[in-house]
file start35.csv (CSV, C-alpha atoms)
chain,number,residue,atom,x,y,z
M,26,MET,CA,116.2,39.2,75.1
M,27,LYS,CA,115.2,41.1,72.0
M,28,SER,CA,115.7,39.5,68.7
M,29,LYS,CA,118.0,41.1,66.1
M,30,PHE,CA,114.9,42.0,64.0
M,31,GLN,CA,113.4,43.9,66.9
M,32,LYS,CA,116.7,45.8,67.3
M,33,ILE,CA,116.8,46.6,63.6
M,34,PHE,CA,113.2,48.0,63.5
M,35,LYS,CA,113.4,49.8,66.8
M,36,GLY,CA,116.9,51.2,66.3
M,37,GLY,CA,118.1,53.9,64.0
M,38,LEU,CA,118.8,51.5,61.2
M,39,GLY,CA,115.1,50.4,61.3
M,40,GLN,CA,113.9,53.7,60.0
M,41,LEU,CA,116.2,53.4,57.0
M,42,THR,CA,115.3,49.8,56.3
M,43,ILE,CA,112.4,50.5,53.9
M,44,PRO,CA,114.0,53.3,51.9
M,45,ILE,CA,117.3,51.3,51.5
M,46,ILE,CA,115.4,48.2,50.4
M,47,ALA,CA,113.4,50.3,47.9
M,48,ILE,CA,116.7,51.8,46.5
M,49,LEU,CA,118.2,48.3,46.2
M,50,ILE,CA,115.1,46.9,44.5
M,51,LEU,CA,115.1,49.7,41.9
M,52,VAL,CA,118.9,49.4,41.4
M,53,ILE,CA,118.7,45.6,40.8
M,54,PHE,CA,115.6,46.0,38.6
M,55,ASN,CA,117.3,48.6,36.4
M,56,LEU,CA,120.6,46.6,36.2
M,57,ILE,CA,118.6,43.6,35.0
M,58,ARG,CA,116.5,45.6,32.6
M,59,ASP,CA,119.5,47.6,31.3
M,60,PRO,CA,123.0,47.0,32.6
M,61,SER,CA,124.1,50.4,31.3
M,62,PHE,CA,121.3,52.3,33.2
M,63,PHE,CA,123.7,53.5,35.9
M,64,SER,CA,126.7,54.1,33.6
M,65,ILE,CA,128.3,57.5,34.1
M,66,SER,CA,130.1,59.3,31.3
M,67,VAL,CA,132.3,62.4,31.2
M,68,THR,CA,131.2,64.9,28.6
M,69,HIS,CA,131.1,68.6,27.8
M,70,ASN,CA,128.0,70.8,28.4
M,71,ASN,CA,126.8,73.7,26.3
M,72,ASP,CA,129.3,76.0,28.0
M,73,GLY,CA,132.2,73.7,27.1
M,74,ASN,CA,132.8,72.6,30.7
M,75,ILE,CA,133.7,68.9,31.6
M,76,VAL,CA,130.7,67.4,33.4
M,77,LEU,CA,129.4,64.0,34.6
M,78,ALA,CA,126.3,62.7,32.7
M,79,GLY,CA,124.1,59.7,32.9
M,80,ASN,CA,120.8,58.5,34.5
M,81,LEU,CA,122.3,58.3,38.0
M,82,ILE,CA,123.5,62.0,37.7
M,83,SER,CA,120.1,62.9,36.4
M,84,ILE,CA,118.3,61.3,39.3
M,85,ILE,CA,120.4,62.9,42.1
M,86,ASN,CA,120.3,66.2,40.3
M,87,ALA,CA,116.6,66.3,39.6
M,88,ALA,CA,115.8,65.3,43.2
M,89,SER,CA,117.7,68.2,44.7
M,90,GLU,CA,114.8,70.5,45.3
M,91,LEU,CA,112.7,67.7,46.7
M,92,ALA,CA,115.5,66.5,49.0
M,93,VAL,CA,115.9,70.0,50.5
M,94,LEU,CA,112.2,70.3,51.0
M,95,ALA,CA,112.0,66.8,52.5
M,96,MET,CA,114.5,67.8,55.2
M,97,GLY,CA,112.5,70.7,56.3
M,98,MET,CA,109.2,68.8,56.0
M,99,THR,CA,110.7,66.1,58.3
M,100,LEU,CA,111.2,68.6,61.0
M,101,VAL,CA,107.7,70.0,60.7
M,102,THR,CA,106.2,66.5,60.7
M,103,ALA,CA,108.2,65.4,63.7
M,104,ALA,CA,107.3,68.5,65.8
M,105,SER,CA,103.6,69.0,64.8
M,106,GLY,CA,102.4,65.6,63.8
M,107,GLY,CA,101.2,67.1,60.6
M,108,GLN,CA,102.4,68.3,57.2
M,109,ASP,CA,102.8,71.6,55.3
M,110,ILE,CA,101.0,71.4,52.0
M,111,SER,CA,102.0,74.9,50.9
M,112,VAL,CA,105.7,74.3,50.2
M,113,GLY,CA,105.3,74.5,46.4
M,114,ALA,CA,103.4,77.8,46.6
M,115,ALA,CA,105.8,79.2,49.2
M,116,ALA,CA,108.7,78.2,46.8
M,117,ALA,CA,107.0,80.2,44.1
M,118,ILE,CA,106.8,83.2,46.4
M,119,ALA,CA,110.5,82.8,47.4
M,120,GLY,CA,111.5,82.4,43.7
M,121,SER,CA,109.5,85.5,42.7
M,122,ALA,CA,111.1,87.5,45.5
M,123,PHE,CA,114.6,86.2,44.4
M,124,VAL,CA,113.9,87.3,40.8
M,125,SER,CA,112.4,90.6,41.8
M,126,MET,CA,115.5,91.6,43.7
M,127,LEU,CA,117.8,90.5,40.9
M,128,LYS,CA,115.8,92.5,38.4
M,129,SER,CA,116.0,95.6,40.6
M,130,GLY,CA,119.7,96.1,39.8
M,131,SER,CA,121.4,97.0,36.6
M,132,THR,CA,123.8,94.0,36.6
M,133,ILE,CA,123.8,90.7,38.4
M,134,THR,CA,126.9,90.2,40.5
M,135,GLY,CA,127.8,87.7,43.2
M,136,GLY,CA,126.7,90.2,45.9
M,137,THR,CA,123.4,90.8,44.1
M,138,VAL,CA,122.7,87.1,44.0
M,139,LEU,CA,123.5,86.7,47.7
M,140,LEU,CA,121.3,89.7,48.6
M,141,ALA,CA,118.5,88.3,46.5
M,142,PHE,CA,118.8,84.9,48.2
M,143,PHE,CA,118.6,86.5,51.7
M,144,TYR,CA,115.6,88.5,50.4
M,145,ALA,CA,113.9,85.2,49.3
M,146,CYS,CA,114.8,83.6,52.7
M,147,LEU,CA,113.0,86.5,54.5
M,148,PHE,CA,109.9,86.0,52.4
M,149,ALA,CA,109.9,82.3,52.9
M,150,MET,CA,110.6,82.5,56.6
M,151,ALA,CA,107.8,85.1,57.1
M,152,PHE,CA,105.3,82.8,55.5
M,153,GLY,CA,106.7,79.8,57.4
M,154,ALA,CA,106.2,81.8,60.6
M,155,PHE,CA,102.7,82.6,59.5
M,156,ASN,CA,101.9,78.9,59.1
M,157,GLY,CA,103.8,78.0,62.3
M,158,THR,CA,101.8,80.6,64.3
M,159,LEU,CA,98.5,79.1,63.1
M,160,VAL,CA,99.7,75.6,64.1
M,161,ALA,CA,101.7,76.4,67.3
M,162,VAL,CA,99.7,79.3,68.8
M,163,PHE,CA,96.2,78.8,67.5
M,164,LYS,CA,96.4,75.0,67.5
M,165,ILE,CA,95.0,74.6,64.0
M,166,GLN,CA,95.8,71.2,62.4
M,167,PRO,CA,98.9,71.7,60.1
M,168,MET,CA,97.3,70.6,56.9
M,169,ILE,CA,94.3,72.9,57.3
M,170,ALA,CA,96.5,75.8,58.5
M,171,THR,CA,98.8,75.5,55.4
M,172,LEU,CA,95.9,75.1,53.1
M,173,ILE,CA,95.5,78.9,53.2
M,174,LEU,CA,98.9,79.5,51.7
M,175,TYR,CA,98.5,76.6,49.3
M,176,THR,CA,95.4,78.3,47.9
M,177,CYS,CA,96.7,81.8,47.6
M,178,GLY,CA,100.5,81.4,47.5
M,179,ARG,CA,100.9,81.4,43.7
M,180,SER,CA,98.7,84.4,43.4
M,181,ILE,CA,101.1,86.3,45.8
M,182,ALA,CA,104.0,85.1,43.7
M,183,TYR,CA,102.2,86.5,40.7
M,184,TRP,CA,101.7,89.9,42.3
M,185,ILE,CA,105.4,90.2,43.4
M,186,ASN,CA,106.5,90.6,39.8
M,187,GLY,CA,103.4,92.4,38.5
M,188,GLY,CA,102.0,89.3,36.8
M,189,ALA,CA,105.1,89.0,34.6
M,190,THR,CA,107.4,85.9,34.2
M,191,PRO,CA,110.8,87.7,34.0
M,192,THR,CA,113.9,85.9,32.9
M,193,VAL,CA,117.3,86.3,34.6
M,194,SER,CA,120.4,85.7,32.6
M,195,SER,CA,123.8,85.5,34.3
M,196,PRO,CA,126.7,83.1,34.5
M,197,ILE,CA,126.3,83.0,38.3
M,198,ILE,CA,122.6,82.0,38.0
M,199,THR,CA,123.5,79.4,35.3
M,200,ALA,CA,126.1,78.0,37.6
M,201,ILE,CA,123.7,77.7,40.5
M,202,GLY,CA,121.2,75.8,38.4
M,203,SER,CA,123.6,73.6,36.5
M,204,PHE,CA,127.4,73.3,36.9
M,205,ILE,CA,130.1,75.5,38.4
M,206,PRO,CA,133.0,75.7,35.9
M,207,GLY,CA,135.7,73.2,36.8
M,208,ILE,CA,133.4,71.1,39.0
M,209,PRO,CA,131.8,68.1,37.1
M,210,ILE,CA,129.1,67.6,39.8
M,211,PRO,CA,125.8,69.5,39.4
M,212,THR,CA,125.6,72.5,41.7
M,213,PRO,CA,122.1,71.5,43.1
M,214,VAL,CA,123.7,68.2,44.3
M,215,ILE,CA,126.4,70.2,46.2
M,216,ILE,CA,123.7,72.4,47.7
M,217,VAL,CA,121.8,69.4,49.0
M,218,ILE,CA,125.0,68.1,50.6
M,219,VAL,CA,125.7,71.5,52.2
M,220,VAL,CA,122.1,71.8,53.6
M,221,ALA,CA,122.4,68.2,55.0
M,222,ILE,CA,125.7,69.1,56.7
M,223,ILE,CA,124.1,72.2,58.2
M,224,PHE,CA,121.3,70.1,59.6
M,225,LYS,CA,123.8,67.6,61.0
M,226,LEU,CA,125.8,70.3,62.7
M,227,VAL,CA,122.8,72.0,64.1
M,228,PHE,CA,121.6,68.7,65.6
M,229,HIS,CA,125.1,68.0,66.9
M,230,PHE,CA,125.7,71.3,68.6
M,231,THR,CA,122.2,72.1,69.8
M,232,SER,CA,119.3,70.1,71.4
M,233,LEU,CA,116.9,70.9,68.6
M,234,GLU,CA,116.6,67.2,67.5
M,235,LEU,CA,115.9,66.0,71.0
M,236,PHE,CA,113.4,68.8,71.7
M,237,THR,CA,111.6,68.3,68.4
M,238,GLN,CA,111.2,64.6,69.0
M,239,SER,CA,110.1,65.2,72.6
M,240,VAL,CA,107.4,67.6,71.5
M,241,GLY,CA,106.3,65.3,68.7
M,242,ILE,CA,106.1,62.2,71.0
M,243,ASN,CA,104.4,63.8,74.0
M,244,GLU,CA,103.9,67.5,74.0
M,245,LYS,CA,102.5,67.7,77.5
M,246,ALA,CA,105.5,65.7,78.9
M,247,ALA,CA,107.8,68.0,77.0
M,248,ARG,CA,106.2,71.1,78.5
M,249,LEU,CA,106.6,69.5,82.0
M,250,ASN,CA,110.3,69.1,81.3
M,251,GLY,CA,110.7,72.8,80.5
M,252,ILE,CA,110.6,72.6,76.7
M,253,ASN,CA,108.7,75.4,75.0
M,254,ALA,CA,106.6,73.3,72.6
M,255,THR,CA,105.1,76.4,70.9
M,256,TRP,CA,108.5,77.8,70.0
M,257,ILE,CA,109.8,74.4,68.8
M,258,LYS,CA,106.8,74.0,66.4
M,259,LEU,CA,107.1,77.6,65.2
M,260,LEU,CA,110.9,77.2,64.7
M,261,SER,CA,110.3,74.0,62.6
M,262,PHE,CA,108.1,75.9,60.2
M,263,ILE,CA,110.6,78.8,60.0
M,264,ILE,CA,113.4,76.3,59.2
M,265,LEU,CA,111.2,74.7,56.6
M,266,GLY,CA,110.8,78.3,55.2
M,267,LEU,CA,114.6,78.4,54.7
M,268,CYS,CA,114.5,75.1,52.9
M,269,VAL,CA,111.7,76.4,50.7
M,270,ALA,CA,113.8,79.4,49.8
M,271,VAL,CA,116.7,77.2,48.8
M,272,ALA,CA,114.5,75.0,46.7
M,273,GLY,CA,112.9,78.0,45.0
M,274,VAL,CA,116.2,79.5,44.2
M,275,ILE,CA,117.5,76.3,42.7
M,276,SER,CA,114.4,75.9,40.6
M,277,VAL,CA,114.6,79.5,39.3
M,278,SER,CA,118.3,79.1,38.5
M,279,ARG,CA,117.6,75.9,36.5
M,280,LEU,CA,115.2,77.6,34.2
M,281,GLY,CA,116.5,81.2,34.3
M,282,LEU,CA,113.0,82.5,34.9
M,283,ILE,CA,110.2,82.5,37.4
M,284,ASN,CA,106.8,81.0,36.4
M,285,HIS,CA,104.6,81.2,39.4
M,286,GLU,CA,102.1,78.7,37.9
M,287,THR,CA,104.6,75.8,37.3
M,288,ILE,CA,107.5,76.2,39.6
M,289,LEU,CA,107.7,73.1,41.8
M,290,LEU,CA,104.1,72.3,41.0
M,291,ASP,CA,102.7,69.3,43.0
M,292,VAL,CA,105.9,69.0,45.0
M,293,GLU,CA,104.0,69.0,48.2
M,294,MET,CA,102.8,65.4,48.0
M,295,ASP,CA,106.2,64.2,46.9
M,296,ALA,CA,107.8,65.9,49.9
M,297,ILE,CA,105.3,64.2,52.3
M,298,LEU,CA,105.9,60.9,50.6
M,299,ALA,CA,109.7,61.3,50.8
M,300,VAL,CA,109.3,61.7,54.6
M,301,ALA,CA,107.0,58.7,54.8
M,302,ILE,CA,109.2,56.5,52.6
M,303,GLY,CA,112.2,57.6,54.7
M,304,GLY,CA,110.7,55.6,57.6
M,305,ASN,CA,109.5,58.7,59.5
M,306,SER,CA,106.1,58.6,61.3
M,307,LEU,CA,103.7,61.1,59.8
M,308,GLY,CA,102.2,61.4,63.3
M,309,GLY,CA,105.3,63.0,64.7
M,310,GLY,CA,108.0,62.0,67.0
M,311,LYS,CA,111.3,60.3,66.2
M,312,PHE,CA,112.8,61.1,62.8
M,313,LYS,CA,115.8,60.7,60.6
M,314,ILE,CA,116.7,63.4,58.1
M,315,SER,CA,118.8,60.9,56.1
M,316,GLY,CA,115.7,58.7,55.6
M,317,SER,CA,113.8,61.6,54.0
M,318,ILE,CA,116.7,62.4,51.7
M,319,ILE,CA,116.8,58.7,50.6
M,320,GLY,CA,113.0,58.8,50.2
M,321,ALA,CA,113.4,61.8,47.8
M,322,TYR,CA,115.9,59.8,45.6
M,323,VAL,CA,113.6,56.8,45.7
M,324,ILE,CA,110.8,58.9,44.2
M,325,HIS,CA,112.9,60.3,41.5
M,326,MET,CA,114.7,57.0,40.7
M,327,LEU,CA,111.2,55.5,40.3
M,328,THR,CA,110.2,58.3,37.9
M,329,ILE,CA,113.3,58.0,35.8
M,330,THR,CA,112.9,54.3,35.7
M,331,LEU,CA,109.3,54.6,34.4
M,332,TYR,CA,110.3,57.1,31.7
M,333,ALA,CA,113.2,54.8,30.7
M,334,MET,CA,110.6,52.0,30.3
M,335,LYS,CA,108.7,54.3,27.8
M,336,VAL,CA,105.8,54.8,30.2
M,337,SER,CA,103.8,57.8,29.1
M,338,SER,CA,103.8,60.9,31.3
M,339,THR,CA,100.1,60.5,31.8
M,340,ASP,CA,100.6,57.0,33.3
M,341,VAL,CA,103.7,57.7,35.3
M,342,LYS,CA,101.8,59.2,38.2
M,343,ALA,CA,99.5,56.2,38.4
M,344,TYR,CA,102.4,53.7,38.5
M,345,LYS,CA,104.3,55.9,41.0
M,346,ALA,CA,101.2,56.0,43.2
M,347,ILE,CA,100.9,52.1,43.2
M,348,VAL,CA,104.6,51.6,44.1
M,349,ILE,CA,104.7,54.3,46.7
M,350,ILE,CA,101.5,53.0,48.4
M,351,LEU,CA,103.2,49.6,48.7
M,352,LEU,CA,106.3,51.1,50.1
M,353,VAL,CA,104.4,53.2,52.7
M,354,VAL,CA,102.2,50.2,53.7
M,355,ILE,CA,105.2,47.9,54.1
M,356,GLY,CA,106.9,50.5,56.2
M,357,SER,CA,103.8,51.2,58.4
M,358,PRO,CA,104.0,50.5,62.1
M,359,VAL,CA,101.3,47.8,61.8
M,360,ILE,CA,103.4,45.7,59.3
M,361,LYS,CA,106.6,46.3,61.2
M,362,SER,CA,105.0,45.2,64.4
M,363,LYS,CA,103.6,42.0,62.8
M,364,PHE,CA,106.9,41.2,61.2
M,365,THR,CA,108.8,41.7,64.4
M,366,LYS,CA,106.3,39.6,66.3
M,367,ARG,CA,106.6,36.8,63.7
M,368,MET,CA,110.4,36.9,63.8
M,369,THR,CA,110.3,36.7,67.6
M,370,GLN,CA,108.0,33.7,67.4
M,371,LEU,CA,110.4,31.9,64.9
M,372,LYS,CA,113.4,32.7,67.1
M,373,ASN,CA,111.6,31.3,70.2
M,374,ARG,CA,110.7,28.1,68.3
M,375,LYS,CA,114.3,27.6,67.2
M,376,THR,CA,115.4,28.2,70.8
M,377,LYS,CA,113.0,25.6,72.1
M,378,VAL,CA,114.1,23.1,69.5
M,379,SER,CA,117.8,23.7,70.3
M,380,THR,CA,117.0,23.3,74.0
M,381,LYS,CA,115.2,20.0,73.5
M,382,GLY,CA,118.1,18.8,71.3
M,383,ALA,CA,120.6,19.6,74.0
M,384,LEU,CA,118.5,17.7,76.6
call {"tool": "encode", "arguments": {"input": "start35.csv", "output": "structure tokens"}}
result
Amino acid sequence: MKSKFQKIFKGGLGQLTIPIIAILILVIFNLIRDPSFFSISVTHNNDGNIVLAGNLISIINAASELAVLAMGMTLVTAASGGQDISVGAAAAIAGSAFVSMLKSGSTITGGTVLLAFFYACLFAMAFGAFNGTLVAVFKIQPMIATLILYTCGRSIAYWINGGATPTVSSPIITAIGSFIPGIPIPTPVIIVIVVAIIFKLVFHFTSLELFTQSVGINEKAARLNGINATWIKLLSFIILGLCVAVAGVISVSRLGLINHETILLDVEMDAILAVAIGGNSLGGGKFKISGSIIGAYVIHMLTITLYAMKVSSTDVKAYKAIVIILLVVIGSPVIKSKFTKRMTQLKNRKTKVSTKGAL
């Protein structure tokens, strides 16, 4: 009979064990260091609206773009067994397309913003399809295939607006990037919840989750069972493109402008790490979107914690790297296997001792 530890690590909860433990450690550490670290206050923002404020709100708000990207990255990783390192550059393209459409009109209305968002989605999906074609059709390793867009993507974003960094000023844009009047929760947090619900509904009413995992675990076996592995891989990159567009629009709305050089700079590695910390195998196969979301919050909670400890911005990346390496190693299949084996041995010893005592 399998031990409880085997069930934990092999079951759905097992994939969430490491990110949950990481969150708990950070929470306990911060509560010991500063009991008021997670205090939430009600205040007024610059527009006079009642909003929630505090480190916890800052963490879940700042991690919004990363959480959205991590959801899409999880799907790509599960299906292709590789990662897309061009999401930051693609977000710059989507953001530039979004701003370009907004600037084409005389006034910014709700309809204009919606049209600009669809325009950004088309751009991001097209480039996602480009990456997906290289991976699914031409069988190029994902990291190499996406290196092309990683290299030239920000230049494309630069060309879309003629090299300018235009600003967009509108109450609607401000609301998307900060708070909707009358709602104290940051809008980006609400967007993350909506995107997560959409993923949940898609997985519930379609076989996308099952097909993606099947392709990632054994592509040949999936094909023999009638699954179009090429289409599943391509679709995962297109869906990631939609997530990229959402992240790009959030980032542009926060700043009220598009800067192709700095928008979501270096977010690629954080997105990959969020997937890994979330307990998902970077080699593809079984996955949990919720784990990647938690992984995104772990990364940002760690960042905020380091800043709260007065660690310089120069040193933050080094400290983050050390902690994240530890988390990834602890959550690796090798460590999990050894831990499970050790727990099984301990249980067997206890069983033998109990049996001898009974005799």
call {"tool": "residues_around", "arguments": {"input": "start35.csv", "residues": "Ser278 in chain M", "least_positions_apart": "2", "cutoff": "7 Å", "atoms": "all atoms listed in the file", "output": "list in words"}}
result
Ile198, Thr199, Ile201, Gly202, Val274, Ile275, Ser276, Leu280 and Gly281 of chain M
call {"tool": "closest_residue", "arguments": {"input": "start35.csv", "among": "M:Ala114, M:Tyr332, M:Val220, M:Met126", "to": "Leu267 in chain M", "atoms": "only C-alpha atoms"}}
result
M:Val220
call {"tool": "closest_residue", "arguments": {"input": "start35.csv", "among": "M:Ala301, M:Val292, M:Arg367, M:Ala321", "to": "Ile350 in chain M", "atoms": "only C-alpha atoms"}}
result
M:Ala301
call {"tool": "residues_around", "arguments": {"input": "start35.csv", "residues": "Val76 in chain M", "least_positions_apart": "5", "cutoff": "10 Å", "atoms": "all atoms listed in the file", "output": "PyMOL selection string"}}
result
chain M and resi 66-70+82+203-211
call {"tool": "residues_near_point", "arguments": {"input": "start35.csv", "point": "(108.5, 51.4, 59.7)", "cutoff": "9 Å", "atoms": "all atoms listed in the file", "output": "list in words"}}
result
Phe34, Lys35, Gly39, Gln40, Leu41, Thr42, Ile43, Ala301, Ile302, Gly303, Gly304, Asn305, Ser306, Val353, Val354, Ile355, Gly356, Ser357, Pro358, Val359, Ile360, Lys361 and Ser362 of chain M
call {"tool": "closest_residue", "arguments": {"input": "start35.csv", "among": "M:Ala141, M:Thr328, M:Leu159, M:Ile257", "to": "Lys342 in chain M", "atoms": "all atoms listed in the file"}}
result
M:Thr328
call {"tool": "residues_near_point", "arguments": {"input": "start35.csv", "point": "(117.7, 64.2, 68.5)", "cutoff": "12 Å", "atoms": "all atoms listed in the file", "output": "list of chain:residue names"}}
result
M:Gly37, M:Leu100, M:Ala103, M:Ala104, M:Phe224, M:Lys225, M:Leu226, M:Val227, M:Phe228, M:His229, M:Phe230, M:Thr231, M:Ser232, M:Leu233, M:Glu234, M:Leu235, M:Phe236, M:Thr237, M:Gln238, M:Ser239, M:Val240, M:Gly241, M:Gly310, M:Lys311, M:Phe312, M:Lys313, M:Ile314
call {"tool": "residues_around", "arguments": {"input": "start35.csv", "residues": "Ile50 in chain M", "least_positions_apart": "2", "cutoff": "12 Å", "atoms": "all atoms listed in the file", "output": "number ranges by chain"}}
result
M: 43-48, 52-57, 323, 326-327, 330, 348, 352
call {"tool": "closest_residue", "arguments": {"input": "start35.csv", "among": "M:Val112, M:Leu91, M:Leu282, M:Ile133", "to": "Thr176 in chain M", "atoms": "all atoms listed in the file"}}
result
M:Val112
call {"tool": "closest_residue", "arguments": {"input": "start35.csv", "among": "M:Ser105, M:Ser111, M:Thr132, M:Thr339", "to": "Ala254 in chain M", "atoms": "only C-alpha atoms"}}
result
M:Ser105
call {"tool": "closest_residue", "arguments": {"input": "start35.csv", "among": "M:Ile263, M:Leu371, M:Met294, M:Leu307", "to": "Ile324 in chain M", "atoms": "only C-alpha atoms"}}
result
M:Met294
call {"tool": "residues_around", "arguments": {"input": "start35.csv", "residues": "Ala270 in chain M", "least_positions_apart": "6", "cutoff": "8 Å", "atoms": "only C-alpha atoms", "output": "VMD selection string"}}
result
chain M and resid 116 119 to 120 142 145 to 146 149
call {"tool": "atom_distance", "arguments": {"input": "start35.csv", "atom1": "CA of Ile169 in chain M", "atom2": "CA of Ala154 in chain M"}}
result
15.2 Å
call {"tool": "build_atoms", "arguments": {"input": "start35.csv", "residues": "range 78-91 of chain M", "atoms": "N, CA and C atoms", "output": "compact mmCIF listing (two decimals), in the coordinates of the input"}}
result
# COMPACT_ATOMS: atom_id res chain seq x y z
N ALA M 78 127.68 62.87 33.29
CA ALA M 78 126.30 62.70 32.70
C ALA M 78 125.91 61.23 32.84
N GLY M 79 124.61 61.01 32.83
CA GLY M 79 124.10 59.70 32.90
C GLY M 79 122.79 59.67 33.76
N ASN M 80 122.09 58.54 33.77
CA ASN M 80 120.80 58.50 34.50
C ASN M 80 121.01 58.70 36.00
N LEU M 81 122.09 58.16 36.59
CA LEU M 81 122.30 58.30 38.00
C LEU M 81 122.52 59.80 38.36
N ILE M 82 123.28 60.52 37.53
CA ILE M 82 123.50 62.00 37.70
C ILE M 82 122.18 62.70 37.60
N SER M 83 121.38 62.30 36.61
CA SER M 83 120.10 62.90 36.40
C SER M 83 119.16 62.76 37.61
N ILE M 84 119.21 61.57 38.20
CA ILE M 84 118.30 61.30 39.30
C ILE M 84 118.71 62.13 40.54
N ILE M 85 120.00 62.11 40.91
CA ILE M 85 120.40 62.90 42.10
C ILE M 85 120.32 64.37 41.88
N ASN M 86 120.45 64.79 40.63
CA ASN M 86 120.30 66.20 40.30
C ASN M 86 118.88 66.66 40.34
N ALA M 87 118.01 65.91 39.68
CA ALA M 87 116.60 66.30 39.60
C ALA M 87 115.90 66.24 40.95
N ALA M 88 116.42 65.41 41.85
CA ALA M 88 115.80 65.30 43.20
C ALA M 88 116.26 66.31 44.17
N SER M 89 117.10 67.23 43.75
CA SER M 89 117.70 68.20 44.70
C SER M 89 116.69 69.04 45.43
N GLU M 90 115.78 69.67 44.69
CA GLU M 90 114.80 70.50 45.30
C GLU M 90 113.92 69.71 46.30
N LEU M 91 113.52 68.51 45.85
CA LEU M 91 112.70 67.70 46.70
C LEU M 91 113.44 67.22 47.95
